[in-house]
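Please read the structure below before turning to the comments.
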Amino acid sequence: MIAEIGLAALWLAAALAVLQMVSGAFALRGAEGEANPLAIYARPAAVVQAFLAVLAFLMLLYAFAITDLSIKLVASHSHSMKPMLYKLTGTWGNHEGSMLLWVGVLALSGGLLAGFEKRLPERTMGATLCVQGFVALGFYAFLLLSSNPFERLPVPAAEGTGLNPLLQDIGLAIHPPTLYAGYVGLSVAFSLAMGALLTREVNPAFARVMRPWVLGAWVLLTLGITAGSYWAYYELGWGGWWFWDPVENASLMPWLAATALMHSVSVLAARDALRTWTIMLGVLAFSMSMLGTFLVRSGVLTSVHAFAVDPERGAFILGLLGLYIGGAFAIFALRAGAVAEGKRFAAASREGALVFNNVMLSAILAIVLLGTLYPLLTEAFDVRVSVGPPYFNPASAIFAVPMFIVMAIGPLLRWKSDKPARLQFELALIAALMIGAIALVSFFGRFPLLPLLGLGLAAALAVAAFLPLRGRKLARVPVATWGMVLAHFGVAVSLFGMACEGAFSQERLAAVAPGGTEQIADFTVTLESVTPVAGPNWTAIEAQLAVSRDGGAPVILTPQARSFWSPPQATSESALLTRWDGQLYAVIGNQAADGRWQVRVWWKPFVTFIWYGGLLIGLGGILAIAGRVQVDVRRRKAAAMGDQRRADIEALGAAAPLPAE
Amino acid sequence: MKAKHQRMVLVIVALLAILGAGLLAAWSLRNQANYFYLPEQMASDPPEVGQAVRLGGMVQKGSIMTEADGVTVNFIVTGNTADTIPVRYSGILPDLFVEGSGVVAEGSLGPDGVFRATNLLAKHDENYVPKELEGMGSQQAAKMAAETTVGLK
């Protein structure tokens with residue numbers, strides 16, 4: 001029954017998406033200020049659809065929890081012996097389940113928008129819900145026609161096949177849902193942008209409605225990427241935190257576009273400038289999430305993320321991609337001219353700095369996009385290439401370095417127009433910090449150029465992030481401003497971690513006999529013993545490494561080489577020793593013929609700062625949302641009190657007070 | 001400056017920057033892309049010494065030799081012809097790296113004709129084949145699949 005309820009809920013939700021689309025479209029036909037009688041169904045349709053899609057997802061979750069082996073998806077991706085947590089997370093550890101999670105979040109955000117957003121004019125809201133329904137419909141069709149998660153087996157399987165062991169980790173509980181929610185949040189931003197464009201309502205009021213969605217999506221993407229990076233770092237056992245893997249790029253590209261969009265929508269809300277640019281970025285950001293879904297889900301790439309290699313599905317998603325992005329850019333091209341020019345500003349102003357950084361972000365996006373698609377293009381000509389860090393690092397740094405410098409100065413500039421001479425002290429301080437840090441580090445040794453630049457920029461940015469607070473009463477600084485300060489400081493922290501990892505990492509690779517000792521940085525690593533151990537669905541070889549720093553008390557690290565039996569696969573479980581100034585990363589390898597064990601150990605100074613920085617950036621975003629909500633609640637309360645007072649005065653029959661001249 | 005003009009200037013600046021990024025990407029992709037070689041291609045038309053490339057083929061039976069330090073491995077990669085390329089790698093071998101199975105080595109050719117691998121990609125589960133090996137001669141691929149597929153049909 002569970003599967004049938006889920007499937008029925010999905011079909012009903014798809015039908016409601018059609019209703020939402022049609023009813024939303026009727027809102028556009030109504031005359032100005034007059035509601036079309038057929039337009040009233042869009043909002044309830046979106047809300048009910050949200051309930052149904054979430055219900056379908058919960059049904060699948062339940063099927064995985066009880067390991068219902070009569071459902072094909074459960075039988076081929078789960079196992080009755082798996083720990084409960086991984087049974088649940090396994091729901092989205094496969095193609096169909098992850099797409100169901102995707103549409104579930106999509107419908108939920110559509111429902112929230114329809115249920116709670118009352119600030120927009122009804123016509124714009126109708127157009128927005130129409131676009132949202134159209135997007136949802138495409139994904140319902142994809143799920144129901146080509147990847148039905150609730151398909152039954154003719155005969156229930158005796159036992160499930162199990163889940164890819166690399167995915168049997170707490171990371172699977174956090175990383176995909178956060179990223180998906182971020183991707184999908186961008187779909188709401190896209191629908192709002194299209195709605196505003198269709199009804200010619202691109203103005204600050206619209207930007208204020210769009211901003212929380214963009215901020216929320218951006219926060220989730222930031223946290224999702226941070227979690228994914230840390231997961232890859234400890235799970236793959238390669239000691240790296242970012243591989244420029246196409247699938248990683250697929251999540252980075254929407255983030256870059258969302259970062260640009262978030263800043264641009266703030267300018268639109270505060271200053272009524274950058275109208276068309278904001279709409280363009282809204283379309284671009286969602287296009288990048290769609291492209292990411294296509295790259296990951298179509299099977300054109302081989303990686304641990306690509307669950308299904310099925311040409312039909314790839315063609316389906318490519319079709320959806322072409323339809324939505326092509327349609328959006330066509331509407332944009334037709335309507336952009338009709339959007340009135342926003343307020344003007346000088347080149348040396350806060351808007352100017354934001355525009356510059358928007359352009360730099362777009363340029364980095366172009367670099368990443370071309371590098372990701374290039375191997376796919378050359379393969380059409382039967383030339384096989386792979387593109388890695390030697391391309392991505394320098395090419396993106398060319399645009400990232402000016403961007404970071406402007407990022408340090410931008411928040412200090414005034415809106416509309418400013419004189420750089422006013423900021424002499426700040427500019428000198430930032431330049432001195434950057435040059436000083438680079439000179440100091442170069443004094444101690446020769447390091448590659450990029451990490452060196454990174455260290456200099458991190459020092460300058462860390463201080464510059466707090467300069468906007470100079471000369472202000474800290475208690476009266478708005479919460480949203482604190483969010484900006486924190487997020488910019490987070491960028492500096494993250495950059496510092498990346499640069500330190502690049503410049504100062506040390507690696508030791510050796511074959512060690514039990515009892516043998518190796519030295520790395522100021523750590524002494526002793527291989528005490530190697531023993532077999534067993535887990536719920538795996539067996540492993542576990543090394544006992546005694547690690548002591550400067551002869552201090554030893555800590556035992558236990559890296560493992562695990563063998564899973566369902567599905568049969570071997571993974572390497574790294575062991576980490578975290579200290580405030582870095583991490584020791586140990587991996588155990590094979591046994592050599594003479595009985596020695598391969599041990600690989602890295603000392604990575606300040607590597608944890610990469611993810612601390614990511615968390616700070618996310619926290620900054622959350623503060624920004626909280627600040628905006630606080631202001632909005634205050635404004636509503638004030639308006640309500642004003643209305644109350646006017647009503648009271650009217651009830652008393654007194655003459656209304658004249659507004660002050 | 002009229003309103004229309006500012007928008008034009010912005011659009012032109014943005015377009016120039018994106019175009020610049022595109023040109024830069026095209027130029028550096030041609031220089032930095034990591035080309036894939038089969039052993040016979042590497043023997044007949046070797047890449048420049050030190051240039052980062054990828055070499056894919058089969059690990060020859062009986063060719064894996066571990067050096068005295070216990071972490072450096074030498075082996076020979078064969079392709080569809082008699083040409084062979086010796087490979088040298090220091091590090092932990094992938095779990096399914098065995099003689100007679102497919103491998104993709106990332107690294108560069110040394111002046112002595114030995115390929116110095118910095119990373120080895122082997123099949124790491126029963127569903128995953130390095131993309132480059134998918135199109136290898138059908139007989140070879142079938143043989144490789146039969147020998148390296150573990151367990152499941």
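In the structure tokens, chains take the letters A, B, ... in the order shown, each chain's residues start at 1, and ligands count up from 1 in the order shown.
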Would you mind listing what lies within 7 Å of segment 363-378 of chain A as a ChimeraX atom specification, with only C-alpha atoms counted and same-chain residues fewer than 3 positions away left out? /A:246,249,253,256,359-360,381-387,392,395-396,399 /B:17-18,21-22,25
Selection file, C-alpha atoms, as a compact mmCIF listing (two decimals), in the first residue's frame:
# COMPACT_ATOMS: atom_id res chain seq x y z
CA PRO A 246 32.79 18.05 -12.68
CA ASN A 249 31.87 22.23 -10.21
CA MET A 253 28.52 27.21 -10.46
CA LEU A 256 28.83 31.66 -7.85
CA VAL A 359 31.20 40.71 -13.32
CA MET A 360 34.22 38.97 -11.76
CA PHE A 381 35.48 14.69 -31.69
CA ASP A 382 36.90 11.55 -30.10
CA VAL A 383 39.68 13.37 -28.27
CA ARG A 384 39.82 12.44 -24.61
CA VAL A 385 41.04 15.03 -22.20
CA SER A 386 40.60 15.77 -18.56
CA VAL A 387 40.80 19.22 -17.08
CA PHE A 392 41.18 25.84 -12.88
CA ALA A 395 42.48 30.76 -14.61
CA SER A 396 40.01 31.43 -11.81
CA PHE A 399 39.54 37.01 -11.70
CA ALA B 17 34.92 40.69 -19.10
CA ILE B 18 32.98 37.53 -19.93
CA ALA B 21 37.21 35.00 -19.47
CA GLY B 22 36.09 32.90 -22.42
CA ALA B 25 39.66 29.74 -20.82
Give one line per residue of chain B that approaches chain A to at most 6 Å, naming the two atoms of the closest pair and their distance in Å to one decimal, counting only C-alpha atoms; sort by chain then ascending residue number and deliver it as a Markdown table.
| residue | atom | partner | partner_atom | distance |
| --- | --- | --- | --- | --- |
| B:Ala14 | CA | A:Val359 | CA | 5.8 |
| B:Ile18 | CA | A:Ala363 | CA | 5.1 |
| B:Ala21 | CA | A:Ala363 | CA | 5.4 |
| B:Ala25 | CA | A:Ile367 | CA | 5.7 |
| B:Gln32 | CA | A:Tyr391 | CA | 5.4 |
| B:Ala33 | CA | A:Val387 | CA | 4.9 |
| B:Asn34 | CA | A:Ser386 | CA | 4.9 |
| B:Tyr35 | CA | A:Val385 | CA | 4.4 |
| B:Phe36 | CA | A:Arg384 | CA | 5.4 |
| B:Gly70 | CA | A:Ala511 | CA | 5.0 |
| B:Val71 | CA | A:Ala511 | CA | 5.9 |
| B:Ile92 | CA | A:Gly589 | CA | 5.4 |
| B:Asp125 | CA | A:Gln569 | CA | 5.5 |
Would you mind listing what lies within 6 Å of segment 44-60 of chain A as an mmCIF file with N, CA and C atoms, in the first residue's frame, with only C-alpha atoms counted and same-chain residues fewer than 6 positions away left out?
data_model
loop_
_atom_site.group_PDB
_atom_site.id
_atom_site.type_symbol
_atom_site.label_atom_id
_atom_site.label_comp_id
_atom_site.auth_asym_id
_atom_site.auth_seq_id
_atom_site.Cartn_x
_atom_site.Cartn_y
_atom_site.Cartn_z
ATOM 1 N N ILE A 2 1.969 1.225 0.737
ATOM 2 C CA ILE A 2 2.776 2.437 0.900
ATOM 3 C C ILE A 2 3.160 3.002 -0.459
ATOM 4 N N GLY A 6 2.100 6.606 -2.238
ATOM 5 C CA GLY A 6 3.109 7.549 -2.700
ATOM 6 C C GLY A 6 2.924 7.885 -4.164
ATOM 7 N N ALA A 9 -0.116 10.014 -4.750
ATOM 8 C CA ALA A 9 0.136 11.385 -4.307
ATOM 9 C C ALA A 9 0.936 12.139 -5.364
ATOM 10 N N LEU A 10 1.900 11.456 -5.974
ATOM 11 C CA LEU A 10 2.716 12.116 -6.988
ATOM 12 C C LEU A 10 1.887 12.510 -8.202
ATOM 13 N N ALA A 13 -0.272 15.394 -7.338
ATOM 14 C CA ALA A 13 0.526 16.614 -7.257
ATOM 15 C C ALA A 13 0.812 17.142 -8.659
ATOM 16 N N LEU A 16 -2.196 18.886 -9.877
ATOM 17 C CA LEU A 16 -2.346 20.191 -9.241
ATOM 18 C C LEU A 16 -1.362 21.198 -9.822
ATOM 19 N N GLN A 20 -2.274 24.802 -11.100
ATOM 20 C CA GLN A 20 -1.558 25.989 -10.623
ATOM 21 C C GLN A 20 -1.061 26.810 -11.801
ATOM 22 N N GLY A 104 10.114 17.151 -3.997
ATOM 23 C CA GLY A 104 9.489 17.397 -2.701
ATOM 24 C C GLY A 104 9.848 18.781 -2.180
ATOM 25 N N ALA A 107 8.191 21.498 -4.394
ATOM 26 C CA ALA A 107 6.778 21.717 -4.106
ATOM 27 C C ALA A 107 6.611 22.416 -2.761
ATOM 28 N N LEU A 108 7.447 22.021 -1.790
ATOM 29 C CA LEU A 108 7.353 22.622 -0.455
ATOM 30 C C LEU A 108 7.651 24.117 -0.524
ATOM 31 N N GLY A 111 4.800 25.875 -2.083
ATOM 32 C CA GLY A 111 3.696 25.983 -1.138
ATOM 33 C C GLY A 111 3.918 27.097 -0.128
#
List the spatial neighbours of Ala458 of chain A as a PyMOL selection string - criterion: any atom at most 7 Å away, only C-alpha atoms, same-chain residues fewer than 5 positions off excluded. chain A and resi 492-493+495-496
Those same residues, written as a PDB file, in the first residue's frame with C-alpha atoms?
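Written file, part24.pdb:
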ATOM      1  CA  ALA A 492      39.077  35.509   4.755  1.00  0.00           C
ATOM      2  CA  VAL A 493      39.190  32.560   7.177  1.00  0.00           C
ATOM      3  CA  LEU A 495      41.026  31.642   2.104  1.00  0.00           C
ATOM      4  CA  PHE A 496      43.597  31.434   4.899  1.00  0.00           C
TER       5      PHE A 496
END
